[in-house]
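Below is the file start_30.cif, which contains mmCIF, C-alpha atoms.
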```
data_entry
loop_
_atom_site.label_atom_id
_atom_site.label_comp_id
_atom_site.auth_asym_id
_atom_site.auth_seq_id
_atom_site.Cartn_x
_atom_site.Cartn_y
_atom_site.Cartn_z
CA MET A 4 -98.38 27.30 -94.75
CA GLY A 5 -95.45 26.07 -92.64
CA LYS A 6 -92.19 24.85 -94.12
CA GLU A 7 -92.24 21.21 -95.29
CA VAL A 8 -89.43 19.02 -93.99
CA GLU A 9 -88.48 15.37 -94.40
CA ASN A 10 -89.84 13.12 -91.67
CA LYS A 11 -88.36 9.62 -91.43
CA GLN A 12 -90.60 7.15 -89.59
CA ILE A 13 -90.55 3.56 -88.28
CA ILE A 14 -93.77 1.86 -89.39
CA PHE A 15 -95.30 -1.20 -87.71
CA LYS A 16 -96.17 -3.58 -90.54
CA ASP A 17 -98.54 -6.20 -89.08
CA TYR A 18 -99.45 -8.16 -85.95
CA ILE A 19 -96.93 -10.73 -84.77
CA THR A 20 -96.73 -13.97 -82.82
CA GLY A 21 -93.57 -14.91 -80.93
CA ALA A 22 -90.60 -12.57 -80.61
CA PRO A 23 -90.44 -9.40 -82.72
CA LYS A 24 -88.15 -9.31 -85.78
CA GLU A 25 -86.62 -6.34 -87.57
CA SER A 26 -88.73 -7.25 -90.62
CA ASP A 27 -91.90 -6.49 -88.56
CA MET A 28 -90.97 -2.80 -88.89
CA GLU A 29 -89.86 -0.64 -91.81
CA LEU A 30 -88.22 2.74 -92.28
CA LYS A 31 -90.24 5.14 -94.43
CA SER A 32 -89.63 8.71 -95.44
CA THR A 33 -92.43 11.23 -95.72
CA THR A 34 -92.79 15.00 -95.22
CA ILE A 35 -94.43 17.09 -92.53
CA ALA A 36 -95.48 20.75 -92.54
CA LEU A 37 -94.03 22.64 -89.59
CA GLU A 38 -97.35 24.15 -88.54
CA ILE A 39 -100.16 23.58 -86.05
CA ARG A 40 -103.74 24.77 -86.06
CA GLU A 41 -104.52 27.78 -83.89
CA GLY A 42 -106.82 26.84 -81.00
CA SER A 43 -105.89 23.13 -81.23
CA GLN A 44 -103.58 23.14 -78.16
CA ASP A 45 -101.39 20.75 -80.17
CA VAL A 46 -97.61 20.60 -79.75
CA LEU A 47 -95.20 19.83 -82.61
CA VAL A 48 -91.96 18.28 -81.40
CA LYS A 49 -88.63 17.16 -82.80
CA ASN A 50 -87.86 13.75 -81.25
CA LEU A 51 -84.38 13.39 -79.76
CA TYR A 52 -84.32 10.09 -77.82
CA LEU A 53 -86.58 7.04 -78.07
CA SER A 54 -87.06 4.35 -75.44
CA CYS A 55 -87.00 0.62 -76.32
CA ASP A 56 -89.11 -1.24 -73.75
CA PRO A 57 -90.25 -4.87 -73.55
CA TYR A 58 -93.93 -3.91 -73.00
CA MET A 59 -94.01 -2.66 -76.61
CA ARG A 60 -93.91 -6.26 -77.85
CA GLY A 61 -97.36 -6.71 -76.27
CA ARG A 62 -98.66 -3.87 -78.46
CA MET A 63 -97.55 -5.78 -81.56
CA ARG A 64 -100.07 -8.56 -80.92
CA ASP A 65 -103.69 -8.57 -82.11
CA TYR A 66 -104.85 -8.45 -78.49
CA HIS A 67 -107.26 -5.79 -77.30
CA ASP A 68 -107.82 -6.65 -73.61
CA SER A 69 -104.55 -5.29 -72.20
CA TYR A 70 -103.95 -2.07 -70.23
CA ILE A 71 -102.73 -0.40 -73.42
CA PRO A 72 -104.16 -0.90 -76.94
CA PRO A 73 -102.21 -2.60 -79.74
CA TYR A 74 -100.42 -0.69 -82.46
CA THR A 75 -102.32 -0.19 -85.71
CA PRO A 76 -100.68 -2.02 -88.65
CA GLY A 77 -99.31 0.49 -91.16
CA SER A 78 -98.90 3.23 -88.53
CA VAL A 79 -95.91 4.79 -86.77
CA ILE A 80 -94.68 2.94 -83.68
CA GLN A 81 -95.32 4.88 -80.47
CA GLY A 82 -93.26 4.90 -77.29
CA PHE A 83 -91.69 6.98 -74.56
CA ALA A 84 -89.43 9.75 -75.89
CA VAL A 85 -87.54 12.92 -75.13
CA ALA A 86 -88.22 15.75 -77.57
CA LYS A 87 -87.78 19.46 -78.21
CA VAL A 88 -90.81 21.69 -78.82
CA VAL A 89 -90.75 23.21 -82.32
CA LEU A 90 -94.22 24.82 -82.26
CA SER A 91 -96.86 24.98 -79.54
CA ASP A 92 -100.46 26.09 -79.24
CA HIS A 93 -100.54 24.76 -75.66
CA PRO A 94 -100.22 27.19 -72.72
CA ASP A 95 -97.86 24.85 -70.81
CA PHE A 96 -95.26 24.49 -73.57
CA LYS A 97 -93.29 26.95 -75.64
CA GLU A 98 -90.82 26.69 -78.52
CA GLY A 99 -87.48 25.33 -77.34
CA ASP A 100 -88.84 23.52 -74.28
CA LEU A 101 -87.43 20.04 -73.65
CA VAL A 102 -90.18 17.52 -72.90
CA SER A 103 -90.65 13.84 -72.15
CA GLY A 104 -93.71 11.72 -72.80
CA PHE A 105 -95.35 9.57 -75.42
CA SER A 106 -94.34 10.25 -79.01
CA GLY A 107 -93.81 8.55 -82.38
CA TRP A 108 -90.80 6.69 -83.70
CA GLU A 109 -90.18 9.44 -86.22
CA GLU A 110 -88.20 12.67 -86.54
CA TYR A 111 -91.16 15.00 -85.92
CA SER A 112 -94.47 14.32 -84.16
CA ILE A 113 -97.60 16.29 -83.47
CA ILE A 114 -98.82 15.59 -79.92
CA PRO A 115 -102.57 16.29 -79.81
CA LYS A 116 -103.35 18.73 -76.99
CA GLY A 117 -99.85 18.05 -75.59
CA LYS A 118 -101.23 14.83 -74.07
CA ASN A 119 -98.92 13.10 -71.57
CA LEU A 120 -96.07 15.56 -72.16
CA SER A 121 -94.03 16.80 -69.20
CA LYS A 122 -91.55 19.66 -69.29
CA ILE A 123 -88.01 18.62 -68.33
CA ASN A 124 -86.80 20.91 -65.57
CA TYR A 125 -83.51 19.18 -64.72
CA THR A 126 -81.68 20.20 -67.89
CA ASP A 127 -78.26 19.74 -66.24
CA LEU A 128 -78.71 15.94 -66.48
CA PRO A 129 -78.32 13.85 -69.68
CA LEU A 130 -81.56 14.04 -71.68
CA SER A 131 -81.53 10.27 -72.28
CA TYR A 132 -82.09 9.79 -68.52
CA PHE A 133 -85.69 10.96 -69.00
CA VAL A 134 -86.59 7.78 -70.90
CA GLY A 135 -84.62 5.71 -68.36
CA ILE A 136 -83.66 6.31 -64.77
CA LEU A 137 -85.87 9.43 -64.56
CA GLY A 138 -88.53 8.03 -66.90
CA MET A 139 -90.89 5.06 -66.93
CA PRO A 140 -88.25 2.36 -66.14
CA GLY A 141 -86.85 4.29 -63.19
CA PHE A 142 -90.29 4.97 -61.78
CA THR A 143 -91.23 1.31 -62.31
CA ALA A 144 -88.21 0.25 -60.23
CA TYR A 145 -88.99 2.83 -57.53
CA ALA A 146 -92.73 2.13 -57.17
CA GLY A 147 -92.32 -1.63 -57.54
CA PHE A 148 -89.57 -1.95 -54.98
CA PHE A 149 -90.64 0.55 -52.32
CA GLU A 150 -94.44 0.26 -52.62
CA VAL A 151 -95.10 -3.32 -53.74
CA CYS A 152 -92.17 -5.01 -51.97
CA SER A 153 -92.20 -2.92 -48.74
CA PRO A 154 -88.51 -3.61 -47.97
CA LYS A 155 -87.02 -3.70 -44.49
CA LYS A 156 -83.35 -3.28 -43.62
CA GLY A 157 -81.42 -6.56 -43.70
CA GLU A 158 -83.84 -8.40 -45.98
CA GLN A 159 -82.69 -10.82 -48.70
CA VAL A 160 -83.54 -9.53 -52.19
CA PHE A 161 -83.33 -11.33 -55.54
CA VAL A 162 -83.63 -9.44 -58.86
CA SER A 163 -83.89 -11.14 -62.28
CA ALA A 164 -82.82 -9.43 -65.54
CA ALA A 165 -80.77 -7.42 -63.06
CA SER A 166 -78.62 -5.48 -65.53
CA GLY A 167 -81.60 -4.21 -67.53
CA ALA A 168 -83.31 -0.83 -67.38
CA VAL A 169 -85.40 -1.67 -64.30
CA GLY A 170 -83.33 -4.38 -62.61
CA GLN A 171 -80.13 -2.33 -62.28
CA LEU A 172 -82.08 0.31 -60.32
CA VAL A 173 -84.06 -2.12 -58.15
CA GLY A 174 -80.77 -3.63 -56.97
CA GLN A 175 -79.34 -0.24 -56.10
CA PHE A 176 -82.53 0.89 -54.34
CA ALA A 177 -82.33 -2.34 -52.33
CA LYS A 178 -78.74 -1.59 -51.29
CA LEU A 179 -79.75 1.97 -50.32
CA ALA A 180 -82.49 0.39 -48.16
CA GLY A 181 -79.90 -1.77 -46.37
CA CYS A 182 -80.79 -5.09 -48.00
CA PHE A 183 -78.64 -8.00 -49.23
CA VAL A 184 -79.04 -8.24 -53.02
CA VAL A 185 -78.29 -10.90 -55.62
CA GLY A 186 -79.04 -10.47 -59.33
CA SER A 187 -79.26 -12.82 -62.29
CA ALA A 188 -78.27 -11.91 -65.86
CA GLY A 189 -77.44 -13.69 -69.11
CA SER A 190 -73.71 -13.14 -69.68
CA LYS A 191 -70.40 -12.97 -67.82
CA GLU A 192 -70.05 -9.31 -68.80
CA LYS A 193 -73.43 -8.46 -67.22
CA VAL A 194 -72.66 -10.46 -64.06
CA ASP A 195 -69.33 -8.59 -63.71
CA LEU A 196 -71.17 -5.27 -64.07
CA LEU A 197 -73.65 -6.23 -61.34
CA LYS A 198 -70.92 -7.17 -58.89
CA ASN A 199 -68.23 -4.60 -59.74
CA LYS A 200 -70.10 -1.51 -60.92
CA LEU A 201 -73.72 -1.67 -59.75
CA GLY A 202 -72.98 -2.73 -56.17
CA PHE A 203 -74.90 -6.02 -55.98
CA ASP A 204 -73.64 -8.33 -53.22
CA ASP A 205 -73.52 -11.20 -55.69
CA ALA A 206 -74.76 -12.22 -59.13
CA PHE A 207 -74.93 -15.24 -61.41
CA ASN A 208 -75.36 -16.13 -65.09
CA TYR A 209 -78.63 -18.09 -65.29
CA LYS A 210 -77.52 -19.67 -68.60
CA GLU A 211 -74.74 -21.50 -66.74
CA GLU A 212 -77.08 -22.91 -64.09
CA HIS A 213 -78.63 -26.30 -64.89
CA ASP A 214 -80.82 -26.16 -61.78
CA LEU A 215 -82.17 -22.69 -60.92
CA ASN A 216 -83.72 -23.95 -57.69
CA ALA A 217 -80.31 -25.18 -56.48
CA ALA A 218 -78.66 -21.94 -57.64
CA LEU A 219 -81.04 -19.82 -55.55
CA LYS A 220 -80.54 -22.13 -52.54
CA ARG A 221 -76.79 -21.52 -52.91
CA TYR A 222 -77.15 -17.72 -52.91
CA PHE A 223 -79.98 -17.59 -50.37
CA PRO A 224 -79.44 -20.48 -47.93
CA LYS A 225 -81.97 -18.95 -45.51
CA GLY A 226 -84.48 -18.04 -48.24
CA ILE A 227 -85.61 -14.95 -50.16
CA ASP A 228 -87.66 -12.13 -48.59
CA ILE A 229 -88.23 -10.16 -51.81
CA TYR A 230 -88.13 -11.32 -55.43
CA PHE A 231 -88.41 -8.60 -58.07
CA ASP A 232 -89.48 -10.57 -61.15
CA ASN A 233 -88.70 -9.27 -64.63
CA VAL A 234 -88.70 -12.62 -66.45
CA GLY A 235 -91.41 -15.04 -65.23
CA GLY A 236 -91.14 -18.67 -66.36
CA SER A 237 -88.70 -21.10 -64.76
CA MET A 238 -86.99 -18.35 -62.72
CA LEU A 239 -90.29 -17.41 -61.06
CA ASP A 240 -90.86 -21.10 -60.32
CA ALA A 241 -87.41 -21.45 -58.71
CA ALA A 242 -87.91 -18.25 -56.69
CA LEU A 243 -91.27 -19.51 -55.36
CA ALA A 244 -89.50 -22.64 -54.07
CA ASN A 245 -86.97 -20.46 -52.21
CA MET A 246 -89.22 -17.78 -50.71
CA LYS A 247 -89.36 -17.27 -46.95
CA VAL A 248 -92.62 -17.19 -45.00
CA HIS A 249 -94.29 -13.81 -45.72
CA GLY A 250 -92.04 -13.28 -48.76
CA ARG A 251 -93.09 -10.74 -51.39
CA ILE A 252 -92.86 -11.10 -55.16
CA ALA A 253 -93.35 -8.02 -57.36
CA VAL A 254 -94.15 -9.17 -60.90
CA CYS A 255 -92.92 -6.41 -63.19
CA GLY A 256 -92.50 -8.29 -66.47
CA MET A 257 -92.25 -11.72 -68.05
CA ILE A 258 -89.73 -11.28 -70.84
CA SER A 259 -88.96 -15.02 -70.88
CA GLN A 260 -92.50 -15.59 -72.16
CA HIS A 261 -92.39 -13.09 -75.05
CA ASN A 262 -90.83 -15.60 -77.42
CA PHE A 263 -93.55 -18.21 -76.88
CA GLU A 264 -96.81 -18.33 -78.79
CA GLY A 265 -98.37 -19.92 -75.71
CA THR A 266 -97.24 -19.57 -72.09
CA GLN A 267 -95.31 -21.80 -69.71
CA GLY A 268 -97.05 -23.02 -66.57
CA ILE A 269 -95.83 -22.33 -63.02
CA HIS A 270 -95.51 -25.45 -60.86
CA ASN A 271 -94.74 -24.08 -57.38
CA LEU A 272 -97.82 -21.91 -56.79
CA ASN A 273 -98.92 -24.42 -54.13
CA LEU A 274 -96.25 -22.87 -51.85
CA VAL A 275 -98.03 -19.50 -51.80
CA VAL A 276 -100.50 -20.61 -49.09
CA PRO A 277 -98.28 -22.37 -46.48
CA ARG A 278 -95.57 -19.71 -46.80
CA ARG A 279 -98.08 -16.82 -47.01
CA ILE A 280 -96.26 -15.42 -50.03
CA ARG A 281 -97.67 -12.23 -51.57
CA LEU A 282 -97.33 -12.21 -55.36
CA GLU A 283 -98.47 -8.99 -57.01
CA GLY A 284 -98.38 -7.68 -60.55
CA PHE A 285 -98.21 -3.90 -60.91
CA LEU A 286 -97.96 -1.00 -63.34
CA GLN A 287 -96.04 2.17 -62.60
CA SER A 288 -99.10 4.16 -63.69
CA ASP A 289 -100.88 2.97 -60.50
CA TYR A 290 -98.46 5.07 -58.43
CA LEU A 291 -98.31 8.39 -60.30
CA HIS A 292 -99.12 10.28 -57.08
CA LEU A 293 -95.57 9.36 -55.97
CA HIS A 294 -93.88 10.69 -59.11
CA PRO A 295 -92.76 14.08 -57.68
CA GLN A 296 -91.23 12.32 -54.65
CA PHE A 297 -89.52 9.81 -56.98
CA LEU A 298 -87.96 12.57 -59.12
CA GLU A 299 -86.69 14.46 -56.09
CA HIS A 300 -85.16 11.37 -54.47
CA VAL A 301 -83.56 9.92 -57.60
CA VAL A 302 -82.17 13.23 -58.91
CA ASN A 303 -80.46 13.62 -55.52
CA TYR A 304 -79.14 10.04 -55.67
CA ILE A 305 -77.66 10.79 -59.11
CA LYS A 306 -76.11 14.10 -58.06
CA ASP A 307 -74.70 12.55 -54.85
CA LYS A 308 -73.31 9.63 -56.93
CA LYS A 309 -75.26 7.13 -54.85
CA ILE A 310 -76.60 5.48 -58.00
CA VAL A 311 -74.76 4.25 -61.08
CA TYR A 312 -76.77 4.13 -64.30
CA ILE A 313 -75.86 2.16 -67.41
CA GLU A 314 -77.30 2.94 -70.85
CA ASP A 315 -76.95 1.21 -74.21
CA ILE A 316 -77.44 3.95 -76.83
CA ALA A 317 -78.05 3.11 -80.51
CA GLU A 318 -77.42 5.99 -82.90
CA GLY A 319 -79.93 6.84 -85.64
CA LEU A 320 -83.65 6.24 -86.16
CA GLU A 321 -82.85 3.58 -88.77
CA ASN A 322 -81.28 1.47 -86.00
CA ALA A 323 -84.35 1.57 -83.73
CA PRO A 324 -85.82 -1.76 -84.97
CA SER A 325 -82.58 -3.72 -84.35
CA ALA A 326 -82.14 -2.07 -80.93
CA PHE A 327 -85.69 -3.03 -79.96
CA VAL A 328 -85.41 -6.62 -81.23
CA GLY A 329 -82.12 -7.00 -79.33
CA LEU A 330 -84.00 -6.64 -76.01
CA PHE A 331 -85.52 -10.09 -76.53
CA HIS A 332 -82.14 -11.72 -77.13
CA GLY A 333 -80.24 -10.09 -74.26
CA LYS A 334 -78.11 -7.94 -76.57
CA ASN A 335 -78.49 -4.70 -74.62
CA ILE A 336 -76.35 -3.91 -71.60
CA GLY A 337 -78.34 -1.53 -69.43
CA LYS A 338 -81.22 0.64 -70.59
CA GLN A 339 -81.72 0.53 -74.38
CA VAL A 340 -82.17 3.98 -75.89
CA VAL A 341 -82.14 5.25 -79.48
CA CYS A 342 -80.63 8.68 -80.15
CA ILE A 343 -82.20 10.30 -83.22
CA CYS A 344 -80.27 13.53 -82.71
CA ASP A 345 -78.76 15.47 -79.83
CA GLU A 346 -80.92 18.54 -80.48
#
```
Same coordinates, now as structure tokens:
Amino acid sequence: MGKEVENKQIIFKDYITGAPKESDMELKSTTIALEIREGSQDVLVKNLYLSCDPYMRGRMRDYHDSYIPPYTPGSVIQGFAVAKVVLSDHPDFKEGDLVSGFSGWEEYSIIPKGKNLSKINYTDLPLSYFVGILGMPGFTAYAGFFEVCSPKKGEQVFVSAASGAVGQLVGQFAKLAGCFVVGSAGSKEKVDLLKNKLGFDDAFNYKEEHDLNAALKRYFPKGIDIYFDNVGGSMLDAALANMKVHGRIAVCGMISQHNFEGTQGIHNLNLVVPRRIRLEGFLQSDYLHLHPQFLEHVVNYIKDKKIVYIEDIAEGLENAPSAFVGLFHGKNIGKQVVCICDE
């Protein structure tokens, strides 16, 4: 029998409507035996970093027709994580390996058959990067921008939620591709970051704009070639009104709609036909064949200091619910991560 240790967990209480609240989750303490069954191919890990991502709000609804099933009330919240292997019955993983993949919001998790775990080979980079720039958000930015948007040098690019986990990277990929880039964000501090640290050509605070259509006309007098949409709603409507002929819109997320029990309508879809606008939703999982190329390119960008990456790290598992809820109120600056422990 393996040693029993304390295992703190974040439990999802029950299905929600509207924006998530801290009270939708609770911290519980239980115990776990540090053992795995021989022949199971299971991997027992100690979780180090957890990722807070907007898609997780969708898993809190009683909705079963999405690309990923909802959480089960009364169970541990699941998400992307970086972890250290404690015990392994899987041939690909050994004790002490650092891994990224899907895990629980808890101190220790058993990953059945090591499903969706990847060994981290670039151990000279910060481990938190593997739930961010080198994890799902980074790959989302890479696949969405280069594959869905098909950028050409000199094109006009607009990015919403531009200081977030995905947006900050889309803007920098666009600059590396020789494009002109403007981002929107929700505070002066974020706008300053976009312009002064992340290399955007310009940026604006959407909360200070009474007319988003006019704002986009001001920044893009000749129109927008590419809109990378992280918010949906009225910003998507304004972007549609400002797209050029043959413009492309990559729909990555609709965080503006997460706080509604219904959804807001889009009024400018009639422009899609005369302007031949391509509007496409996507998931990073559609492009996994490009993942090795993505890692190679982005690791080199980081090492060559061609990309700046901003993280917002909350310390302690007990602070995971407030960090997650903060995403829906614009509290995070950069990629929101929770550090459970350094190792």
Per residue of region 207-278 of chain A within 10 Å of region 283-301 of chain A, which atom pair is closest and at what distance in Å (one decimal), using only C-alpha atoms, listed by chain and increasing number, as CSV?
```
residue,atom,partner,partner_atom,distance
A:Asp232,CA,A:Gly284,CA,9.4
A:Arg251,CA,A:Glu283,CA,8.0
A:Ile252,CA,A:Glu283,CA,6.3
A:Ala253,CA,A:Glu283,CA,5.2
A:Val254,CA,A:Gly284,CA,4.5
A:Cys255,CA,A:Gly284,CA,6.2
A:Gly256,CA,A:Gly284,CA,8.4
```
Applied to this file, what does the PyMOL selection byres ((chain A and resi 90-97) around 8) return in terms of residues, put as a VMD selection string?
chain A and resid 37 to 48 88 to 89 98 to 100 116 to 117 122
Show which residues sit within 8 Å of region 123-134 of chain A, as a ChimeraX atom specification. Count all atoms listed in the file, and ignore same-chain residues fewer than 5 positions away.
/A:52-54,83-85,100-103,139-140,340
Any chance you could work out the residue set of the PyMOL selection byres ((chain A and resi 315) around 8) here, as a PyMOL selection string?
chain A and resi 313-314+316-317+335-340
Applying 7 Å and all atoms listed in the file, which residues near His249 (chain A) remain after dropping the ones on its own chain fewer than 2 positions away? List them as a list in words.
Lys247, Arg251, Arg278, Arg279, Ile280 and Arg281 of chain A
Please dump the current selection as a CSV table (one decimal), in the coordinates of the input; keep C-alpha atoms.
```csv
chain,number,residue,atom,x,y,z
A,247,LYS,CA,-89.4,-17.3,-47.0
A,251,ARG,CA,-93.1,-10.7,-51.4
A,278,ARG,CA,-95.6,-19.7,-46.8
A,279,ARG,CA,-98.1,-16.8,-47.0
A,280,ILE,CA,-96.3,-15.4,-50.0
A,281,ARG,CA,-97.7,-12.2,-51.6
```
Using the chain letters and numbers from the file, give me the residues hit by the PyMOL selection byres ((chain A and resi 107) around 12), as JSON, numbers by chain.
{"A": [10, 11, 12, 13, 14, 15, 47, 48, 49, 50, 51, 52, 53, 54, 74, 78, 79, 80, 81, 82, 83, 84, 85, 86, 103, 104, 105, 106, 108, 109, 110, 111, 112, 113, 114, 115, 320, 323, 343]}
Counting all atoms listed in the file, which of A:Met246, A:Leu201, A:Val162, A:Ala168 gets nearest to Ala188 (chain A)?
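Counting all atoms listed in the file, the residue closest to Ala188 (chain A) is A:Val162.
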Which residue, A:Lys178, A:Lys193, A:Lys200, A:His270, has the smallest gap to Ser163 (chain A) when you use only C-alpha atoms?
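Residue with the minimum atom-to-atom distance to Ser163 (chain A): A:Lys193.
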Considering only C-alpha atoms, state which residue in the set A:Pro76, A:Asp240, A:Asp307, A:Asp195 is at the smallest distance from Val275 (chain A).
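The closest residue to Val275 (chain A) is A:Asp240.
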Considering all atoms listed in the file, return as a VMD selection string whatever protein or nucleic-acid residues lie within 10 Å of Asp27 (chain A), sequence-local ones (same chain, fewer than 5 positions apart) excluded.
chain A and resid 14 to 19 63 76 324 328
Mind rebuilding region 113-126 of chain A with N, CA and C atoms and writing that out as a compact mmCIF listing (two decimals), keeping the file's coordinate frame?
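Result file part.txt:
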```txt
# COMPACT_ATOMS: atom_id res chain seq x y z
N ILE A 113 -96.63 15.36 -84.02
CA ILE A 113 -97.60 16.29 -83.47
C ILE A 113 -98.28 15.58 -82.30
N ILE A 114 -98.22 16.17 -81.11
CA ILE A 114 -98.82 15.59 -79.92
C ILE A 114 -100.15 16.31 -79.68
N PRO A 115 -101.27 15.62 -79.96
CA PRO A 115 -102.57 16.29 -79.81
C PRO A 115 -102.79 16.79 -78.39
N LYS A 116 -103.09 18.07 -78.28
CA LYS A 116 -103.35 18.73 -76.99
C LYS A 116 -102.21 18.51 -75.98
N GLY A 117 -101.00 18.25 -76.47
CA GLY A 117 -99.85 18.05 -75.59
C GLY A 117 -100.03 16.91 -74.61
N LYS A 118 -100.86 15.92 -74.99
CA LYS A 118 -101.23 14.83 -74.07
C LYS A 118 -100.01 14.07 -73.57
N ASN A 119 -99.96 13.88 -72.25
CA ASN A 119 -98.92 13.10 -71.57
C ASN A 119 -97.50 13.68 -71.70
N LEU A 120 -97.39 14.94 -72.11
CA LEU A 120 -96.07 15.56 -72.16
C LEU A 120 -95.75 16.20 -70.81
N SER A 121 -94.49 16.12 -70.42
CA SER A 121 -94.03 16.80 -69.20
C SER A 121 -92.79 17.61 -69.56
N LYS A 122 -92.73 18.82 -69.05
CA LYS A 122 -91.55 19.66 -69.29
C LYS A 122 -90.39 19.13 -68.44
N ILE A 123 -89.21 19.06 -69.04
CA ILE A 123 -88.01 18.62 -68.33
C ILE A 123 -87.39 19.84 -67.65
N ASN A 124 -87.33 19.78 -66.33
CA ASN A 124 -86.80 20.91 -65.57
C ASN A 124 -85.34 20.72 -65.16
N TYR A 125 -84.89 19.46 -65.14
CA TYR A 125 -83.51 19.18 -64.72
C TYR A 125 -82.61 19.09 -65.95
N THR A 126 -82.39 20.22 -66.61
CA THR A 126 -81.68 20.20 -67.89
C THR A 126 -80.17 20.05 -67.72
```
